[in-house]
Amino acid sequence: MTRMFGGCLCGAVRYETHNAPLNMRVCHCTLCQKAIGAAFNARALFRIEDVSISGDVATFPSSEDLVRGFCPRCGATVFSRPSSASIMGLTAGSLDDPSAFAPDMHFWTASKQLWVKLDDGLPQYPEAPPPA
Ligand SMILES: [Zn+2]
Ligand SMILES: [Zn+2]
């Protein structure tokens with residue numbers, strides 16, 4: 001069983017996972033770029049019941065179906081969570097051991113930043129990936 005540990009920049013928000021991720025994907029949409037302040041959002045997707053979060057998390061609804069969770073003290077984005085499904089994506093940058101992150105897909109590549117060159121051979125989707 002894969003367990004992952006992570007948290008925000010200041011350490012006030014911590015999490016651990018209790019099961020393997022459903023997938024690990026990189027989203028290049030503009031909302032992720034703005035929310036994280038980075039060129040893309042690499043995130044590991046989990047069932048909500050497989051993630052334990054401690055500490056005070058603030059949330060922001062960046063779209064109708066998606067809430068972003070971040071530390072109100074240091075501002076680090078820790079997760080994104082759709083309201084229509086019991087899943088949450090943990091940001092790869094918040095992992096204690098980022099080497100545990102192994103992406104399997106890029107999506108929303110239509111809004112990918114131009115300097116980002118994808119040569120890892122992974123599937124790419126210009127918008128949302130097809131449902132699994
Ligand atoms: Zn923090
Ligand atoms: Zn996105």
# chains A, B, ... in the order shown; residues from 1 in each chain; ligands from 1
$ residues_around --residues "segment 82-86 of chain A" --least-positions-apart "3" --cutoff "6 Å" --atoms "only C-alpha atoms" --output "NGL selection string"
:A and (47-48 or 65-66)
$ residues_around --residues "segment 118-130 of chain A" --least-positions-apart "3" --cutoff "10 Å" --atoms "only C-alpha atoms" --output "VMD selection string"
chain A and resid 25 to 29 103 to 112 115
$ closest_atom_pairs --of "chain A" --to "ligand 1" --cutoff "10 Å" --atoms "only C-alpha atoms and all ligand atoms" --output "CSV"
residue,atom,partner,partner_atom_place_in_ligand_line,distance
A:Gly7,CA,ligand 1,1 (Zn),7.6
A:Cys8,CA,ligand 1,1 (Zn),4.5
A:Leu9,CA,ligand 1,1 (Zn),4.9
A:Cys10,CA,ligand 1,1 (Zn),3.9
A:Gly11,CA,ligand 1,1 (Zn),5.2
A:Ala12,CA,ligand 1,1 (Zn),4.8
A:Val13,CA,ligand 1,1 (Zn),5.7
A:Arg14,CA,ligand 1,1 (Zn),8.8
A:Gly55,CA,ligand 1,1 (Zn),9.0
A:Asp56,CA,ligand 1,1 (Zn),8.9
A:Val57,CA,ligand 1,1 (Zn),8.8
A:Phe70,CA,ligand 1,1 (Zn),7.7
A:Cys71,CA,ligand 1,1 (Zn),4.5
A:Pro72,CA,ligand 1,1 (Zn),6.6
A:Arg73,CA,ligand 1,1 (Zn),5.0
A:Cys74,CA,ligand 1,1 (Zn),4.1
A:Gly75,CA,ligand 1,1 (Zn),6.1
A:Ala76,CA,ligand 1,1 (Zn),6.0
A:Thr77,CA,ligand 1,1 (Zn),8.8
A:Val78,CA,ligand 1,1 (Zn),9.2
$ write_last_selection --atoms "N, CA and C atoms" --output "PDB file, in the first residue's frame"
ATOM      1  N   GLY A   7       2.417  18.385   3.004  1.00  0.00           N
ATOM      2  CA  GLY A   7       1.829  19.520   3.701  1.00  0.00           C
ATOM      3  C   GLY A   7       2.208  20.817   3.021  1.00  0.00           C
ATOM      4  N   CYS A   8       1.793  21.894   3.650  1.00  0.00           N
ATOM      5  CA  CYS A   8       2.022  23.225   3.081  1.00  0.00           C
ATOM      6  C   CYS A   8       3.447  23.688   3.391  1.00  0.00           C
ATOM      7  N   LEU A   9       3.750  24.877   2.924  1.00  0.00           N
ATOM      8  CA  LEU A   9       5.097  25.425   3.095  1.00  0.00           C
ATOM      9  C   LEU A   9       5.457  25.639   4.558  1.00  0.00           C
ATOM     10  N   CYS A  10       4.534  26.139   5.365  1.00  0.00           N
ATOM     11  CA  CYS A  10       4.861  26.464   6.763  1.00  0.00           C
ATOM     12  C   CYS A  10       4.653  25.286   7.703  1.00  0.00           C
ATOM     13  N   GLY A  11       3.975  24.234   7.236  1.00  0.00           N
ATOM     14  CA  GLY A  11       3.781  23.050   8.069  1.00  0.00           C
ATOM     15  C   GLY A  11       2.501  23.049   8.881  1.00  0.00           C
ATOM     16  N   ALA A  12       1.707  24.109   8.799  1.00  0.00           N
ATOM     17  CA  ALA A  12       0.459  24.163   9.577  1.00  0.00           C
ATOM     18  C   ALA A  12      -0.571  23.168   9.047  1.00  0.00           C
ATOM     19  N   VAL A  13      -0.532  22.911   7.750  1.00  0.00           N
ATOM     20  CA  VAL A  13      -1.432  21.929   7.145  1.00  0.00           C
ATOM     21  C   VAL A  13      -0.606  20.703   6.773  1.00  0.00           C
ATOM     22  N   ARG A  14      -1.069  19.538   7.257  1.00  0.00           N
ATOM     23  CA  ARG A  14      -0.378  18.292   6.958  1.00  0.00           C
ATOM     24  C   ARG A  14      -1.398  17.280   6.445  1.00  0.00           C
ATOM     25  N   GLY A  55      -4.880  20.386  10.430  1.00  0.00           N
ATOM     26  CA  GLY A  55      -4.576  21.806  10.342  1.00  0.00           C
ATOM     27  C   GLY A  55      -5.724  22.565   9.723  1.00  0.00           C
ATOM     28  N   ASP A  56      -5.599  23.865   9.784  1.00  0.00           N
ATOM     29  CA  ASP A  56      -6.663  24.760   9.324  1.00  0.00           C
ATOM     30  C   ASP A  56      -6.502  25.009   7.829  1.00  0.00           C
ATOM     31  N   VAL A  57      -7.452  24.526   7.037  1.00  0.00           N
ATOM     32  CA  VAL A  57      -7.372  24.693   5.575  1.00  0.00           C
ATOM     33  C   VAL A  57      -8.424  25.693   5.128  1.00  0.00           C
ATOM     34  N   PHE A  70      -6.082  25.522   0.561  1.00  0.00           N
ATOM     35  CA  PHE A  70      -4.750  26.108   0.764  1.00  0.00           C
ATOM     36  C   PHE A  70      -4.573  26.503   2.222  1.00  0.00           C
ATOM     37  N   CYS A  71      -3.334  26.700   2.601  1.00  0.00           N
ATOM     38  CA  CYS A  71      -3.032  27.111   3.962  1.00  0.00           C
ATOM     39  C   CYS A  71      -3.248  28.615   4.078  1.00  0.00           C
ATOM     40  N   PRO A  72      -4.086  29.054   5.026  1.00  0.00           N
ATOM     41  CA  PRO A  72      -4.330  30.494   5.154  1.00  0.00           C
ATOM     42  C   PRO A  72      -3.123  31.251   5.697  1.00  0.00           C
ATOM     43  N   ARG A  73      -2.161  30.527   6.245  1.00  0.00           N
ATOM     44  CA  ARG A  73      -0.985  31.192   6.805  1.00  0.00           C
ATOM     45  C   ARG A  73       0.090  31.424   5.741  1.00  0.00           C
ATOM     46  N   CYS A  74       0.453  30.365   4.999  1.00  0.00           N
ATOM     47  CA  CYS A  74       1.542  30.511   4.019  1.00  0.00           C
ATOM     48  C   CYS A  74       1.031  30.555   2.588  1.00  0.00           C
ATOM     49  N   GLY A  75      -0.234  30.217   2.362  1.00  0.00           N
ATOM     50  CA  GLY A  75      -0.811  30.350   1.029  1.00  0.00           C
ATOM     51  C   GLY A  75      -0.583  29.172   0.107  1.00  0.00           C
ATOM     52  N   ALA A  76       0.131  28.161   0.543  1.00  0.00           N
ATOM     53  CA  ALA A  76       0.422  27.024  -0.342  1.00  0.00           C
ATOM     54  C   ALA A  76      -0.852  26.248  -0.674  1.00  0.00           C
ATOM     55  N   THR A  77      -1.071  25.985  -1.948  1.00  0.00           N
ATOM     56  CA  THR A  77      -2.202  25.158  -2.360  1.00  0.00           C
ATOM     57  C   THR A  77      -1.864  23.696  -2.112  1.00  0.00           C
ATOM     58  N   VAL A  78      -2.751  23.028  -1.392  1.00  0.00           N
ATOM     59  CA  VAL A  78      -2.500  21.639  -1.017  1.00  0.00           C
ATOM     60  C   VAL A  78      -3.360  20.673  -1.813  1.00  0.00           C
TER      61      VAL A  78
END
$ residues_around --residues "Phe101 of chain A" --least-positions-apart "6" --cutoff "8 Å" --atoms "only C-alpha atoms" --output "list in words"
Met24, Ala44 and Ala92 of chain A
$ select_by_dssp --residues "segment 19-130 of chain A" --states "helix (DSSP H, G or I)" --output "PyMOL selection string"
chain A and resi 30-36+48-50+92-94+98-100+109-111
$ select_by_dssp --residues "chain A" --states "strand (DSSP E or B)" --output "compact mmCIF listing (two decimals) with all heavy atoms, in the first residue's frame"
# COMPACT_ATOMS: atom_id res chain seq x y z
N PHE A 5 2.95 11.38 2.30
CA PHE A 5 2.87 12.41 3.32
C PHE A 5 3.21 13.75 2.70
O PHE A 5 4.03 13.82 1.78
CB PHE A 5 3.85 12.12 4.47
CG PHE A 5 3.59 10.83 5.18
CD1 PHE A 5 4.14 9.64 4.71
CD2 PHE A 5 2.78 10.79 6.31
CE1 PHE A 5 3.90 8.44 5.36
CE2 PHE A 5 2.53 9.59 6.96
CZ PHE A 5 3.08 8.42 6.49
N GLY A 6 2.59 14.78 3.21
CA GLY A 6 2.91 16.09 2.68
C GLY A 6 2.26 17.18 3.50
O GLY A 6 1.65 16.93 4.54
N GLY A 7 2.42 18.38 3.00
CA GLY A 7 1.83 19.52 3.70
C GLY A 7 2.21 20.82 3.02
O GLY A 7 2.85 20.83 1.97
N ARG A 14 -1.07 19.54 7.26
CA ARG A 14 -0.38 18.29 6.96
C ARG A 14 -1.40 17.28 6.45
O ARG A 14 -2.57 17.34 6.77
CB ARG A 14 0.30 17.73 8.22
CG ARG A 14 1.41 18.59 8.77
CD ARG A 14 2.66 18.56 7.92
NE ARG A 14 3.14 17.19 7.74
CZ ARG A 14 4.01 16.82 6.78
NH1 ARG A 14 4.48 17.70 5.92
NH2 ARG A 14 4.39 15.57 6.67
N TYR A 15 -0.94 16.35 5.64
CA TYR A 15 -1.83 15.28 5.21
C TYR A 15 -1.07 13.98 5.08
O TYR A 15 0.16 13.96 5.00
CB TYR A 15 -2.51 15.63 3.87
CG TYR A 15 -1.58 15.80 2.70
CD1 TYR A 15 -0.99 14.70 2.06
CD2 TYR A 15 -1.28 17.06 2.21
CE1 TYR A 15 -0.13 14.87 0.99
CE2 TYR A 15 -0.44 17.24 1.13
CZ TYR A 15 0.14 16.14 0.52
OH TYR A 15 1.00 16.30 -0.54
N GLU A 16 -1.83 12.90 5.09
CA GLU A 16 -1.27 11.59 4.75
C GLU A 16 -2.34 10.80 4.03
O GLU A 16 -3.54 11.03 4.19
CB GLU A 16 -0.77 10.85 5.98
CG GLU A 16 -1.81 10.50 7.01
CD GLU A 16 -1.17 9.78 8.20
OE1 GLU A 16 -0.96 8.56 8.10
OE2 GLU A 16 -0.88 10.45 9.21
N THR A 17 -1.90 9.89 3.19
CA THR A 17 -2.83 9.09 2.41
C THR A 17 -2.79 7.65 2.93
O THR A 17 -1.81 7.21 3.52
CB THR A 17 -2.46 9.10 0.93
OG1 THR A 17 -1.21 8.43 0.74
CG2 THR A 17 -2.35 10.52 0.40
N ASN A 23 -4.96 8.12 -9.81
CA ASN A 23 -4.09 8.47 -10.93
C ASN A 23 -3.21 9.64 -10.52
O ASN A 23 -3.42 10.24 -9.46
CB ASN A 23 -4.91 8.78 -12.21
CG ASN A 23 -5.82 9.98 -12.04
OD1 ASN A 23 -5.39 11.06 -11.64
ND2 ASN A 23 -7.11 9.79 -12.34
N MET A 24 -2.23 9.92 -11.38
CA MET A 24 -1.37 11.08 -11.16
C MET A 24 -1.28 11.80 -12.49
O MET A 24 -0.78 11.24 -13.48
CB MET A 24 0.02 10.66 -10.69
CG MET A 24 0.01 9.88 -9.39
SD MET A 24 1.69 9.74 -8.69
CE MET A 24 1.61 8.12 -7.95
N ARG A 25 -1.78 13.02 -12.53
CA ARG A 25 -1.89 13.73 -13.79
C ARG A 25 -1.40 15.16 -13.65
O ARG A 25 -1.35 15.71 -12.56
CB ARG A 25 -3.34 13.72 -14.27
CG ARG A 25 -3.83 12.32 -14.59
CD ARG A 25 -5.28 12.31 -14.98
NE ARG A 25 -5.67 10.95 -15.37
CZ ARG A 25 -6.90 10.59 -15.66
NH1 ARG A 25 -7.88 11.47 -15.62
NH2 ARG A 25 -7.16 9.35 -16.01
N VAL A 26 -1.10 15.74 -14.81
CA VAL A 26 -0.64 17.13 -14.84
C VAL A 26 -1.67 17.94 -15.60
O VAL A 26 -1.93 17.68 -16.78
CB VAL A 26 0.74 17.24 -15.50
CG1 VAL A 26 1.21 18.69 -15.45
CG2 VAL A 26 1.74 16.32 -14.83
N CYS A 27 -2.25 18.93 -14.91
CA CYS A 27 -3.25 19.78 -15.54
C CYS A 27 -2.61 21.12 -15.92
O CYS A 27 -1.96 21.76 -15.10
CB CYS A 27 -4.42 20.03 -14.59
SG CYS A 27 -5.69 21.06 -15.36
N ASN A 41 -0.34 22.24 -12.82
CA ASN A 41 -0.69 21.60 -11.56
C ASN A 41 -0.48 20.10 -11.69
O ASN A 41 -1.26 19.40 -12.33
CB ASN A 41 -2.16 21.89 -11.21
CG ASN A 41 -2.61 21.20 -9.92
OD1 ASN A 41 -1.79 20.74 -9.14
ND2 ASN A 41 -3.91 21.15 -9.72
N ALA A 42 0.59 19.61 -11.11
CA ALA A 42 0.82 18.17 -11.03
C ALA A 42 0.13 17.69 -9.77
O ALA A 42 0.44 18.16 -8.68
CB ALA A 42 2.31 17.87 -10.99
N ARG A 43 -0.84 16.77 -9.93
CA ARG A 43 -1.58 16.36 -8.75
C ARG A 43 -1.85 14.87 -8.75
O ARG A 43 -2.07 14.25 -9.78
CB ARG A 43 -2.85 17.20 -8.59
CG ARG A 43 -4.14 16.63 -9.13
CD ARG A 43 -4.22 16.64 -10.64
NE ARG A 43 -5.48 16.13 -11.17
CZ ARG A 43 -5.78 14.85 -11.35
NH1 ARG A 43 -4.93 13.91 -11.02
NH2 ARG A 43 -6.93 14.49 -11.87
N ALA A 44 -1.83 14.30 -7.56
CA ALA A 44 -2.16 12.89 -7.37
C ALA A 44 -3.59 12.81 -6.85
O ALA A 44 -3.93 13.43 -5.85
CB ALA A 44 -1.20 12.24 -6.38
N LEU A 45 -4.42 12.06 -7.56
CA LEU A 45 -5.85 12.01 -7.24
C LEU A 45 -6.15 10.83 -6.32
O LEU A 45 -5.72 9.71 -6.57
CB LEU A 45 -6.64 11.87 -8.53
CG LEU A 45 -8.15 12.10 -8.42
CD1 LEU A 45 -8.43 13.59 -8.18
CD2 LEU A 45 -8.86 11.63 -9.68
N PHE A 46 -6.89 11.13 -5.25
CA PHE A 46 -7.25 10.12 -4.26
C PHE A 46 -8.74 10.15 -3.98
O PHE A 46 -9.40 11.18 -4.17
CB PHE A 46 -6.52 10.40 -2.92
CG PHE A 46 -5.05 10.17 -2.96
CD1 PHE A 46 -4.20 11.17 -3.39
CD2 PHE A 46 -4.52 8.95 -2.58
CE1 PHE A 46 -2.83 10.96 -3.44
CE2 PHE A 46 -3.15 8.73 -2.63
CZ PHE A 46 -2.30 9.74 -3.06
N ARG A 47 -9.26 9.03 -3.49
CA ARG A 47 -10.58 9.08 -2.89
C ARG A 47 -10.47 9.89 -1.60
O ARG A 47 -9.50 9.77 -0.86
CB ARG A 47 -11.07 7.66 -2.54
CG ARG A 47 -11.40 6.82 -3.76
CD ARG A 47 -11.92 5.44 -3.36
NE ARG A 47 -11.98 4.57 -4.52
CZ ARG A 47 -10.96 3.85 -4.95
NH1 ARG A 47 -9.82 3.86 -4.29
NH2 ARG A 47 -11.08 3.10 -6.04
N VAL A 51 -7.61 10.09 2.34
CA VAL A 51 -6.72 11.20 2.70
C VAL A 51 -7.13 11.76 4.07
O VAL A 51 -8.30 12.05 4.30
CB VAL A 51 -6.79 12.34 1.66
CG1 VAL A 51 -5.83 13.46 2.03
CG2 VAL A 51 -6.49 11.81 0.26
N SER A 52 -6.17 11.89 4.97
CA SER A 52 -6.39 12.57 6.25
C SER A 52 -5.65 13.89 6.23
O SER A 52 -4.45 13.92 5.94
CB SER A 52 -5.87 11.73 7.42
OG SER A 52 -6.54 10.49 7.48
N ILE A 53 -6.35 14.96 6.54
CA ILE A 53 -5.75 16.29 6.55
C ILE A 53 -5.85 16.86 7.94
O ILE A 53 -6.90 16.77 8.58
CB ILE A 53 -6.45 17.22 5.54
CG1 ILE A 53 -6.30 16.68 4.12
CG2 ILE A 53 -5.87 18.64 5.63
CD1 ILE A 53 -6.97 17.52 3.05
N SER A 54 -4.76 17.42 8.44
CA SER A 54 -4.80 18.09 9.73
C SER A 54 -4.39 19.55 9.55
O SER A 54 -3.66 19.89 8.62
CB SER A 54 -3.86 17.39 10.73
OG SER A 54 -2.53 17.48 10.29
N ALA A 58 -8.03 26.65 4.35
CA ALA A 58 -8.98 27.57 3.72
C ALA A 58 -9.30 27.04 2.34
O ALA A 58 -8.51 26.31 1.74
CB ALA A 58 -8.38 28.97 3.63
N THR A 59 -10.49 27.37 1.84
CA THR A 59 -10.85 26.91 0.50
C THR A 59 -11.33 28.08 -0.35
O THR A 59 -11.82 29.08 0.16
CB THR A 59 -11.96 25.84 0.55
OG1 THR A 59 -13.10 26.37 1.23
CG2 THR A 59 -11.48 24.58 1.25
N PHE A 60 -11.15 27.90 -1.64
CA PHE A 60 -11.61 28.90 -2.60
C PHE A 60 -12.26 28.16 -3.77
O PHE A 60 -11.63 27.27 -4.36
CB PHE A 60 -10.44 29.75 -3.09
CG PHE A 60 -10.86 30.74 -4.15
CD1 PHE A 60 -11.55 31.90 -3.80
CD2 PHE A 60 -10.59 30.50 -5.49
CE1 PHE A 60 -11.94 32.81 -4.77
CE2 PHE A 60 -10.99 31.41 -6.47
CZ PHE A 60 -11.67 32.56 -6.11
N PRO A 61 -13.49 28.53 -4.13
CA PRO A 61 -14.13 27.88 -5.28
C PRO A 61 -13.65 28.54 -6.57
O PRO A 61 -14.09 29.63 -6.90
CB PRO A 61 -15.62 28.13 -5.03
CG PRO A 61 -15.67 29.41 -4.24
CD PRO A 61 -14.39 29.50 -3.48
N SER A 62 -12.75 27.87 -7.28
CA SER A 62 -12.20 28.49 -8.49
C SER A 62 -13.11 28.26 -9.70
O SER A 62 -12.96 28.92 -10.71
CB SER A 62 -10.79 27.95 -8.78
OG SER A 62 -10.82 26.57 -9.04
N SER A 63 -14.03 27.34 -9.59
CA SER A 63 -15.07 27.18 -10.61
C SER A 63 -16.26 26.54 -9.93
O SER A 63 -16.20 26.19 -8.75
CB SER A 63 -14.56 26.36 -11.80
OG SER A 63 -14.10 25.10 -11.38
N LEU A 66 -15.27 23.09 -8.57
CA LEU A 66 -13.95 22.78 -8.01
C LEU A 66 -13.57 23.77 -6.91
O LEU A 66 -13.62 24.98 -7.09
CB LEU A 66 -12.88 22.80 -9.10
CG LEU A 66 -11.58 22.12 -8.68
CD1 LEU A 66 -11.67 20.61 -8.84
CD2 LEU A 66 -10.40 22.66 -9.45
N VAL A 67 -13.16 23.20 -5.78
CA VAL A 67 -12.68 24.00 -4.65
C VAL A 67 -11.19 23.76 -4.49
O VAL A 67 -10.73 22.62 -4.62
CB VAL A 67 -13.46 23.59 -3.38
CG1 VAL A 67 -12.72 24.02 -2.13
CG2 VAL A 67 -14.86 24.18 -3.40
N ARG A 68 -10.45 24.81 -4.21
CA ARG A 68 -9.01 24.69 -3.96
C ARG A 68 -8.77 24.83 -2.46
O ARG A 68 -9.32 25.73 -1.83
CB ARG A 68 -8.24 25.81 -4.66
CG ARG A 68 -8.63 26.04 -6.10
CD ARG A 68 -7.80 25.22 -7.04
NE ARG A 68 -8.27 25.39 -8.42
CZ ARG A 68 -7.65 24.86 -9.47
NH1 ARG A 68 -6.57 24.14 -9.31
NH2 ARG A 68 -8.14 25.03 -10.67
N GLY A 69 -7.96 23.95 -1.91
CA GLY A 69 -7.64 24.01 -0.49
C GLY A 69 -6.23 24.53 -0.31
O GLY A 69 -5.29 24.02 -0.93
N PHE A 70 -6.08 25.52 0.56
CA PHE A 70 -4.75 26.11 0.76
C PHE A 70 -4.57 26.50 2.22
O PHE A 70 -5.54 26.64 2.98
CB PHE A 70 -4.56 27.33 -0.15
CG PHE A 70 -5.54 28.44 0.08
CD1 PHE A 70 -5.21 29.51 0.89
CD2 PHE A 70 -6.80 28.40 -0.50
CE1 PHE A 70 -6.13 30.53 1.13
CE2 PHE A 70 -7.73 29.42 -0.27
CZ PHE A 70 -7.38 30.49 0.54
N THR A 77 -1.07 25.98 -1.95
CA THR A 77 -2.20 25.16 -2.36
C THR A 77 -1.86 23.70 -2.11
O THR A 77 -0.83 23.20 -2.55
CB THR A 77 -2.52 25.37 -3.85
OG1 THR A 77 -2.89 26.73 -4.06
CG2 THR A 77 -3.67 24.47 -4.29
N VAL A 78 -2.75 23.03 -1.39
CA VAL A 78 -2.50 21.64 -1.02
C VAL A 78 -3.36 20.67 -1.81
O VAL A 78 -2.92 19.60 -2.18
CB VAL A 78 -2.74 21.46 0.51
CG1 VAL A 78 -2.62 20.00 0.91
CG2 VAL A 78 -1.75 22.32 1.29
N PHE A 79 -4.61 21.08 -2.12
CA PHE A 79 -5.45 20.15 -2.86
C PHE A 79 -6.46 20.89 -3.72
O PHE A 79 -6.69 22.09 -3.57
CB PHE A 79 -6.19 19.18 -1.91
CG PHE A 79 -7.20 19.82 -0.99
CD1 PHE A 79 -8.48 20.16 -1.44
CD2 PHE A 79 -6.90 20.06 0.33
CE1 PHE A 79 -9.41 20.73 -0.59
CE2 PHE A 79 -7.82 20.64 1.20
CZ PHE A 79 -9.08 20.97 0.73
N SER A 80 -7.07 20.15 -4.64
CA SER A 80 -8.25 20.59 -5.37
C SER A 80 -9.29 19.50 -5.22
O SER A 80 -8.94 18.31 -5.14
CB SER A 80 -7.93 20.87 -6.84
OG SER A 80 -7.29 19.75 -7.43
N ARG A 81 -10.55 19.89 -5.16
CA ARG A 81 -11.60 18.91 -4.85
C ARG A 81 -12.87 19.26 -5.61
O ARG A 81 -13.47 20.32 -5.39
CB ARG A 81 -11.87 18.96 -3.34
CG ARG A 81 -12.78 17.86 -2.83
CD ARG A 81 -12.98 18.01 -1.34
NE ARG A 81 -13.70 19.23 -1.02
CZ ARG A 81 -13.56 19.95 0.10
NH1 ARG A 81 -12.72 19.58 1.03
NH2 ARG A 81 -14.26 21.04 0.30
N PRO A 82 -13.27 18.41 -6.53
CA PRO A 82 -14.54 18.64 -7.22
C PRO A 82 -15.70 18.37 -6.27
O PRO A 82 -15.61 17.48 -5.43
CB PRO A 82 -14.52 17.64 -8.38
CG PRO A 82 -13.58 16.58 -7.95
CD PRO A 82 -12.60 17.19 -6.98
N ILE A 87 -13.55 12.77 -4.55
CA ILE A 87 -12.13 12.64 -4.85
C ILE A 87 -11.44 13.97 -4.57
O ILE A 87 -12.08 15.03 -4.53
CB ILE A 87 -11.90 12.25 -6.33
CG1 ILE A 87 -12.67 13.20 -7.26
CG2 ILE A 87 -12.30 10.81 -6.58
CD1 ILE A 87 -12.43 12.95 -8.74
N MET A 88 -10.13 13.91 -4.36
CA MET A 88 -9.35 15.13 -4.22
C MET A 88 -7.96 14.94 -4.79
O MET A 88 -7.39 13.85 -4.72
CB MET A 88 -9.29 15.61 -2.76
CG MET A 88 -8.52 14.70 -1.85
SD MET A 88 -8.34 15.34 -0.14
CE MET A 88 -9.31 16.80 -0.10
N GLY A 89 -7.44 16.00 -5.39
CA GLY A 89 -6.11 15.95 -5.98
C GLY A 89 -5.12 16.66 -5.08
O GLY A 89 -5.29 17.84 -4.77
N LEU A 90 -4.10 15.95 -4.64
CA LEU A 90 -3.06 16.56 -3.81
C LEU A 90 -1.95 17.08 -4.72
O LEU A 90 -1.52 16.39 -5.65
CB LEU A 90 -2.50 15.52 -2.84
CG LEU A 90 -3.50 14.93 -1.84
CD1 LEU A 90 -2.84 13.79 -1.06
CD2 LEU A 90 -3.99 16.01 -0.89
N THR A 91 -1.50 18.29 -4.44
CA THR A 91 -0.48 18.89 -5.30
C THR A 91 0.86 18.19 -5.11
O THR A 91 1.30 17.94 -3.98
CB THR A 91 -0.33 20.38 -4.98
OG1 THR A 91 -0.14 20.54 -3.57
CG2 THR A 91 -1.58 21.15 -5.40
N LEU A 95 4.11 17.38 -1.62
CA LEU A 95 4.54 16.07 -1.12
C LEU A 95 5.88 16.20 -0.39
O LEU A 95 6.78 16.93 -0.84
CB LEU A 95 4.71 15.07 -2.28
CG LEU A 95 3.43 14.63 -2.99
CD1 LEU A 95 3.80 13.89 -4.27
CD2 LEU A 95 2.60 13.75 -2.07
N MET A 105 -0.42 11.28 -17.36
CA MET A 105 -1.17 12.00 -18.39
C MET A 105 -0.97 13.50 -18.24
O MET A 105 -0.75 13.99 -17.14
CB MET A 105 -2.67 11.68 -18.24
CG MET A 105 -3.57 12.44 -19.21
SD MET A 105 -5.32 12.39 -18.71
CE MET A 105 -5.69 10.66 -18.96
N HIS A 106 -1.05 14.19 -19.39
CA HIS A 106 -1.17 15.66 -19.39
C HIS A 106 -2.53 16.02 -19.94
O HIS A 106 -2.97 15.42 -20.92
CB HIS A 106 -0.10 16.30 -20.28
CG HIS A 106 1.30 16.08 -19.80
ND1 HIS A 106 1.92 16.90 -18.88
CD2 HIS A 106 2.20 15.12 -20.12
CE1 HIS A 106 3.14 16.46 -18.65
NE2 HIS A 106 3.35 15.38 -19.39
N PHE A 107 -3.21 16.98 -19.32
CA PHE A 107 -4.47 17.43 -19.90
C PHE A 107 -4.59 18.95 -19.85
O PHE A 107 -3.80 19.62 -19.21
CB PHE A 107 -5.67 16.71 -19.29
CG PHE A 107 -5.89 16.93 -17.82
CD1 PHE A 107 -6.93 17.71 -17.38
CD2 PHE A 107 -5.09 16.31 -16.87
CE1 PHE A 107 -7.17 17.90 -16.03
CE2 PHE A 107 -5.31 16.49 -15.52
CZ PHE A 107 -6.35 17.28 -15.10
N GLN A 124 -1.60 13.03 -24.05
CA GLN A 124 -1.92 14.45 -23.90
C GLN A 124 -3.34 14.69 -24.41
O GLN A 124 -3.71 14.19 -25.46
CB GLN A 124 -0.95 15.33 -24.70
CG GLN A 124 0.50 15.20 -24.29
CD GLN A 124 1.42 16.08 -25.15
OE1 GLN A 124 0.98 17.05 -25.75
NE2 GLN A 124 2.69 15.72 -25.19
N TYR A 125 -4.08 15.49 -23.67
CA TYR A 125 -5.43 15.87 -24.09
C TYR A 125 -5.53 17.39 -24.08
O TYR A 125 -5.15 18.02 -23.10
CB TYR A 125 -6.49 15.25 -23.18
CG TYR A 125 -6.48 13.74 -23.25
CD1 TYR A 125 -5.72 12.98 -22.37
CD2 TYR A 125 -7.20 13.09 -24.24
CE1 TYR A 125 -5.70 11.60 -22.47
CE2 TYR A 125 -7.18 11.71 -24.34
CZ TYR A 125 -6.43 10.97 -23.46
OH TYR A 125 -6.39 9.61 -23.55
$ atom_distance --atom1 "atom CA of Gln113 of chain A" --atom2 "atom CA of Ala39 of chain A"
6.4 Å
$ closest_residue --among "A:Leu114, A:Ala20, A:Ala38, A:Ala102" --to "ligand 2" --atoms "only C-alpha atoms and all ligand atoms"
A:Ala38
$ decode --residues "segment 53-77 of chain A" --atoms "C-alpha atoms" --output "short mmCIF file (atom, residue, chain, number, x, y, z; two decimals), in the first residue's frame"
data_model
loop_
_atom_site.label_atom_id
_atom_site.label_comp_id
_atom_site.auth_asym_id
_atom_site.auth_seq_id
_atom_site.Cartn_x
_atom_site.Cartn_y
_atom_site.Cartn_z
CA ILE A 53 -5.75 16.29 6.55
CA SER A 54 -4.80 18.09 9.73
CA GLY A 55 -4.58 21.81 10.34
CA ASP A 56 -6.66 24.76 9.32
CA VAL A 57 -7.37 24.69 5.58
CA ALA A 58 -8.98 27.57 3.72
CA THR A 59 -10.85 26.91 0.50
CA PHE A 60 -11.61 28.90 -2.60
CA PRO A 61 -14.13 27.88 -5.28
CA SER A 62 -12.20 28.49 -8.49
CA SER A 63 -15.07 27.18 -10.61
CA GLU A 64 -18.57 25.89 -10.09
CA ASP A 65 -17.43 22.34 -9.48
CA LEU A 66 -13.95 22.78 -8.01
CA VAL A 67 -12.68 24.00 -4.65
CA ARG A 68 -9.01 24.69 -3.96
CA GLY A 69 -7.64 24.01 -0.49
CA PHE A 70 -4.75 26.11 0.76
CA CYS A 71 -3.03 27.11 3.96
CA PRO A 72 -4.33 30.49 5.15
CA ARG A 73 -0.98 31.19 6.81
CA CYS A 74 1.54 30.51 4.02
CA GLY A 75 -0.81 30.35 1.03
CA ALA A 76 0.42 27.02 -0.34
CA THR A 77 -2.20 25.16 -2.36
#
